[in-house]
Amino acid sequence: MLKKLTQEQLAAVLEAGIAEFAEKGPERASMGAIARAAGLSVGVLYKYYADKEAFFSACLERSLDALRQALREIESRDGHILSGAEAAVRAVQRFAREHNAYLKLYLRLTADCAGPYARRLADEIEGISSELYRARIASARESGDVRDDLDPGLFAFFFDNLLMM
């Protein structure tokens with residue numbers, strides 16, 4: 001009989017998966033290595049995830065949820081556009097320190113332009129951050145903190161690229 005995992009154990013399994021996928025990529029990552037790193041049998045892993053693809057999708061969703069949470073902290077802040085930009089920079093720095101494997105996974109997947117996950121992941125991550133930046137610029141335009149002719153889409157693009165660098 002397979003044991004039921006706690007939420008903490010499930011989180012640890014996903015973290016082990018993210019680390020393995022970040023290191024080896026989705027094709028070369030081993031479910032056996034992931035199970036060993038999480039202190040489980042492969043059978044327990046497959047009890048929760050139908051196959052490697054489903055598990056990989058769950059790992060991606062966990063990393064995207066962490067990004068959404070980091071950006072929510074910025075989103076809830078009021079104030080001048082520059083203080084919001086500073087908060088975004090600090091949040092990205094903190095996220096990079098706390099979730100190094102997530103960034104490594106993102107970079108691995110998006111560097112492989114032909115990979116099946118690259119476009120979806122890039123679009124989703126950029127969409128998450130772009131929404132926030134566009135809203136901040138719209139608010140700054142309304143309050144007079146930036147010029148009326150500032151394009152929120154272009155700003156979001158350039159600011160996101162700055163943060164990624």
# chains A, B, ... in the order shown; residues from 1 in each chain; ligands from 1
call {"tool": "closest_atom_pairs", "arguments": {"of": "stretch 47-92 of chain A", "to": "stretch 2-20 of chain A", "cutoff": "8 Å", "atoms": "only C-alpha atoms", "output": "JSON lines"}}
result
{"residue": "A:Lys47", "atom": "CA", "partner": "A:Leu2", "partner_atom": "CA", "distance": 7.8}
{"residue": "A:Phe55", "atom": "CA", "partner": "A:Gly17", "partner_atom": "CA", "distance": 7.9}
{"residue": "A:Phe56", "atom": "CA", "partner": "A:Gly17", "partner_atom": "CA", "distance": 7.4}
{"residue": "A:Ala58", "atom": "CA", "partner": "A:Leu14", "partner_atom": "CA", "distance": 7.3}
{"residue": "A:Cys59", "atom": "CA", "partner": "A:Leu14", "partner_atom": "CA", "distance": 5.5}
{"residue": "A:Leu60", "atom": "CA", "partner": "A:Ile18", "partner_atom": "CA", "distance": 7.7}
{"residue": "A:Arg62", "atom": "CA", "partner": "A:Leu14", "partner_atom": "CA", "distance": 7.5}
call {"tool": "select_by_dssp", "arguments": {"residues": "chain A", "states": "helix (DSSP H, G or I)", "output": "PyMOL selection string"}}
result
chain A and resi 7-28+31-38+42-48+52-75+81-98+100-111+118-143+152-164
call {"tool": "residues_around", "arguments": {"residues": "stretch 69-71 of chain A", "least_positions_apart": "5", "cutoff": "10 Å", "atoms": "only C-alpha atoms", "output": "MDAnalysis selection string"}}
result
chainID A and resid 63:64 76 87:88 91:92 94:95 128:129 132:133
call {"tool": "atom_distance", "arguments": {"atom1": "atom CA of A:Thr110", "atom2": "atom CA of A:Ala122"}}
result
6.6 Å
call {"tool": "decode", "arguments": {"residues": "stretch 14-159 of chain A", "atoms": "C-alpha atoms", "output": "JSON list (two decimals), in the first residue's frame"}}
result
[["chain", "number", "residue", "atom", "x", "y", "z"],
["A", 14, "LEU", "CA", 8.01, 19.33, -6.47],
["A", 15, "GLU", "CA", 11.14, 21.12, -5.27],
["A", 16, "ALA", "CA", 13.20, 17.99, -5.99],
["A", 17, "GLY", "CA", 11.61, 17.86, -9.43],
["A", 18, "ILE", "CA", 12.31, 21.50, -10.15],
["A", 19, "ALA", "CA", 15.96, 21.02, -9.17],
["A", 20, "GLU", "CA", 16.31, 17.94, -11.39],
["A", 21, "PHE", "CA", 14.55, 19.52, -14.37],
["A", 22, "ALA", "CA", 16.62, 22.69, -13.95],
["A", 23, "GLU", "CA", 19.84, 20.68, -13.92],
["A", 24, "LYS", "CA", 19.11, 18.20, -16.70],
["A", 25, "GLY", "CA", 16.13, 19.51, -18.64],
["A", 26, "PRO", "CA", 12.80, 17.74, -19.07],
["A", 27, "GLU", "CA", 14.09, 15.11, -21.49],
["A", 28, "ARG", "CA", 17.09, 13.94, -19.43],
["A", 29, "ALA", "CA", 15.60, 14.35, -15.95],
["A", 30, "SER", "CA", 15.02, 11.08, -14.13],
["A", 31, "MET", "CA", 11.88, 10.32, -12.15],
["A", 32, "GLY", "CA", 13.96, 7.83, -10.18],
["A", 33, "ALA", "CA", 16.47, 10.53, -9.21],
["A", 34, "ILE", "CA", 13.64, 12.86, -8.26],
["A", 35, "ALA", "CA", 12.02, 10.19, -6.08],
["A", 36, "ARG", "CA", 15.36, 9.42, -4.39],
["A", 37, "ALA", "CA", 16.02, 13.12, -3.74],
["A", 38, "ALA", "CA", 12.58, 13.41, -2.16],
["A", 39, "GLY", "CA", 13.06, 10.21, -0.14],
["A", 40, "LEU", "CA", 10.27, 8.33, -1.92],
["A", 41, "SER", "CA", 9.82, 5.40, -4.21],
["A", 42, "VAL", "CA", 9.03, 5.98, -7.87],
["A", 43, "GLY", "CA", 5.71, 4.22, -7.27],
["A", 44, "VAL", "CA", 4.65, 6.87, -4.78],
["A", 45, "LEU", "CA", 5.59, 9.57, -7.26],
["A", 46, "TYR", "CA", 3.43, 7.93, -9.94],
["A", 47, "LYS", "CA", 0.55, 7.63, -7.50],
["A", 48, "TYR", "CA", 0.30, 11.41, -7.53],
["A", 49, "TYR", "CA", 1.33, 12.13, -11.13],
["A", 50, "ALA", "CA", 0.23, 10.08, -14.13],
["A", 51, "ASP", "CA", 3.53, 10.45, -15.95],
["A", 52, "LYS", "CA", 6.66, 12.55, -16.23],
["A", 53, "GLU", "CA", 4.83, 15.14, -18.34],
["A", 54, "ALA", "CA", 2.14, 15.65, -15.67],
["A", 55, "PHE", "CA", 4.79, 15.92, -12.97],
["A", 56, "PHE", "CA", 6.80, 18.41, -15.02],
["A", 57, "SER", "CA", 3.66, 20.52, -15.54],
["A", 58, "ALA", "CA", 3.07, 20.52, -11.78],
["A", 59, "CYS", "CA", 6.66, 21.68, -11.24],
["A", 60, "LEU", "CA", 6.20, 24.49, -13.74],
["A", 61, "GLU", "CA", 2.96, 25.54, -12.08],
["A", 62, "ARG", "CA", 4.66, 25.63, -8.66],
["A", 63, "SER", "CA", 7.40, 27.88, -10.00],
["A", 64, "LEU", "CA", 4.86, 30.18, -11.69],
["A", 65, "ASP", "CA", 2.82, 30.36, -8.48],
["A", 66, "ALA", "CA", 5.94, 31.47, -6.60],
["A", 67, "LEU", "CA", 6.51, 34.20, -9.18],
["A", 68, "ARG", "CA", 2.89, 35.33, -8.95],
["A", 69, "GLN", "CA", 3.21, 35.52, -5.16],
["A", 70, "ALA", "CA", 6.40, 37.58, -5.37],
["A", 71, "LEU", "CA", 4.75, 40.01, -7.77],
["A", 72, "ARG", "CA", 1.58, 40.25, -5.65],
["A", 73, "GLU", "CA", 3.71, 41.78, -2.92],
["A", 74, "ILE", "CA", 4.68, 44.58, -5.32],
["A", 75, "GLU", "CA", 1.20, 44.94, -6.74],
["A", 76, "SER", "CA", -0.31, 45.72, -3.35],
["A", 77, "ARG", "CA", 2.07, 48.63, -2.73],
["A", 78, "ASP", "CA", 0.90, 52.15, -3.33],
["A", 79, "GLY", "CA", 3.12, 55.07, -4.07],
["A", 80, "HIS", "CA", 5.22, 56.79, -6.66],
["A", 81, "ILE", "CA", 6.30, 54.92, -9.79],
["A", 82, "LEU", "CA", 9.96, 55.02, -8.72],
["A", 83, "SER", "CA", 9.24, 53.42, -5.36],
["A", 84, "GLY", "CA", 7.26, 50.75, -7.21],
["A", 85, "ALA", "CA", 10.17, 50.16, -9.57],
["A", 86, "GLU", "CA", 12.55, 49.86, -6.62],
["A", 87, "ALA", "CA", 10.17, 47.38, -4.96],
["A", 88, "ALA", "CA", 10.09, 45.35, -8.18],
["A", 89, "VAL", "CA", 13.88, 45.25, -8.42],
["A", 90, "ARG", "CA", 14.18, 44.17, -4.79],
["A", 91, "ALA", "CA", 11.46, 41.53, -5.21],
["A", 92, "VAL", "CA", 13.21, 40.09, -8.27],
["A", 93, "GLN", "CA", 16.52, 40.00, -6.39],
["A", 94, "ARG", "CA", 14.89, 38.25, -3.43],
["A", 95, "PHE", "CA", 13.10, 35.81, -5.73],
["A", 96, "ALA", "CA", 16.39, 34.97, -7.47],
["A", 97, "ARG", "CA", 18.10, 34.27, -4.15],
["A", 98, "GLU", "CA", 15.25, 32.19, -2.74],
["A", 99, "HIS", "CA", 14.34, 30.31, -5.92],
["A", 100, "ASN", "CA", 17.56, 29.81, -7.82],
["A", 101, "ALA", "CA", 16.44, 26.49, -9.31],
["A", 102, "TYR", "CA", 13.25, 28.12, -10.66],
["A", 103, "LEU", "CA", 15.29, 30.67, -12.57],
["A", 104, "LYS", "CA", 17.69, 28.02, -13.80],
["A", 105, "LEU", "CA", 14.73, 25.99, -15.07],
["A", 106, "TYR", "CA", 13.23, 29.02, -16.80],
["A", 107, "LEU", "CA", 16.54, 29.89, -18.46],
["A", 108, "ARG", "CA", 17.12, 26.29, -19.53],
["A", 109, "LEU", "CA", 13.70, 26.00, -21.11],
["A", 110, "THR", "CA", 13.70, 29.36, -22.84],
["A", 111, "ALA", "CA", 17.28, 28.99, -24.10],
["A", 112, "ASP", "CA", 16.09, 25.92, -25.99],
["A", 113, "CYS", "CA", 13.93, 27.87, -28.44],
["A", 114, "ALA", "CA", 12.78, 24.67, -30.13],
["A", 115, "GLY", "CA", 11.69, 23.07, -26.86],
["A", 116, "PRO", "CA", 7.99, 22.34, -26.50],
["A", 117, "TYR", "CA", 7.73, 24.31, -23.23],
["A", 118, "ALA", "CA", 9.76, 27.39, -24.10],
["A", 119, "ARG", "CA", 7.08, 29.48, -25.80],
["A", 120, "ARG", "CA", 4.34, 28.63, -23.29],
["A", 121, "LEU", "CA", 6.56, 29.30, -20.30],
["A", 122, "ALA", "CA", 7.99, 32.53, -21.69],
["A", 123, "ASP", "CA", 4.53, 33.80, -22.59],
["A", 124, "GLU", "CA", 3.14, 32.95, -19.17],
["A", 125, "ILE", "CA", 6.01, 34.49, -17.21],
["A", 126, "GLU", "CA", 6.07, 37.60, -19.35],
["A", 127, "GLY", "CA", 2.30, 37.87, -19.09],
["A", 128, "ILE", "CA", 2.40, 37.73, -15.30],
["A", 129, "SER", "CA", 4.97, 40.52, -15.02],
["A", 130, "SER", "CA", 3.64, 42.57, -17.93],
["A", 131, "GLU", "CA", 0.18, 42.83, -16.35],
["A", 132, "LEU", "CA", 1.70, 44.30, -13.21],
["A", 133, "TYR", "CA", 3.96, 46.77, -15.04],
["A", 134, "ARG", "CA", 1.17, 47.93, -17.34],
["A", 135, "ALA", "CA", -1.13, 48.56, -14.36],
["A", 136, "ARG", "CA", 1.60, 50.51, -12.54],
["A", 137, "ILE", "CA", 2.23, 52.71, -15.59],
["A", 138, "ALA", "CA", -1.49, 53.32, -16.11],
["A", 139, "SER", "CA", -1.80, 54.38, -12.48],
["A", 140, "ALA", "CA", 1.28, 56.62, -12.78],
["A", 141, "ARG", "CA", -0.16, 58.24, -15.89],
["A", 142, "GLU", "CA", -3.42, 58.96, -14.06],
["A", 143, "SER", "CA", -1.60, 60.50, -11.09],
["A", 144, "GLY", "CA", 0.67, 62.58, -13.31],
["A", 145, "ASP", "CA", 3.88, 60.81, -12.21],
["A", 146, "VAL", "CA", 4.76, 60.00, -15.84],
["A", 147, "ARG", "CA", 3.96, 61.59, -19.16],
["A", 148, "ASP", "CA", 0.63, 60.85, -20.81],
["A", 149, "ASP", "CA", 2.32, 59.60, -23.96],
["A", 150, "LEU", "CA", 4.31, 56.88, -22.17],
["A", 151, "ASP", "CA", 3.29, 53.55, -23.73],
["A", 152, "PRO", "CA", 2.55, 51.01, -20.94],
["A", 153, "GLY", "CA", 3.29, 48.06, -23.22],
["A", 154, "LEU", "CA", 6.70, 49.36, -24.26],
["A", 155, "PHE", "CA", 7.53, 50.28, -20.69],
["A", 156, "ALA", "CA", 6.56, 46.80, -19.50],
["A", 157, "PHE", "CA", 8.75, 45.25, -22.18],
["A", 158, "PHE", "CA", 11.81, 47.37, -21.39],
["A", 159, "PHE", "CA", 11.43, 47.18, -17.63]]
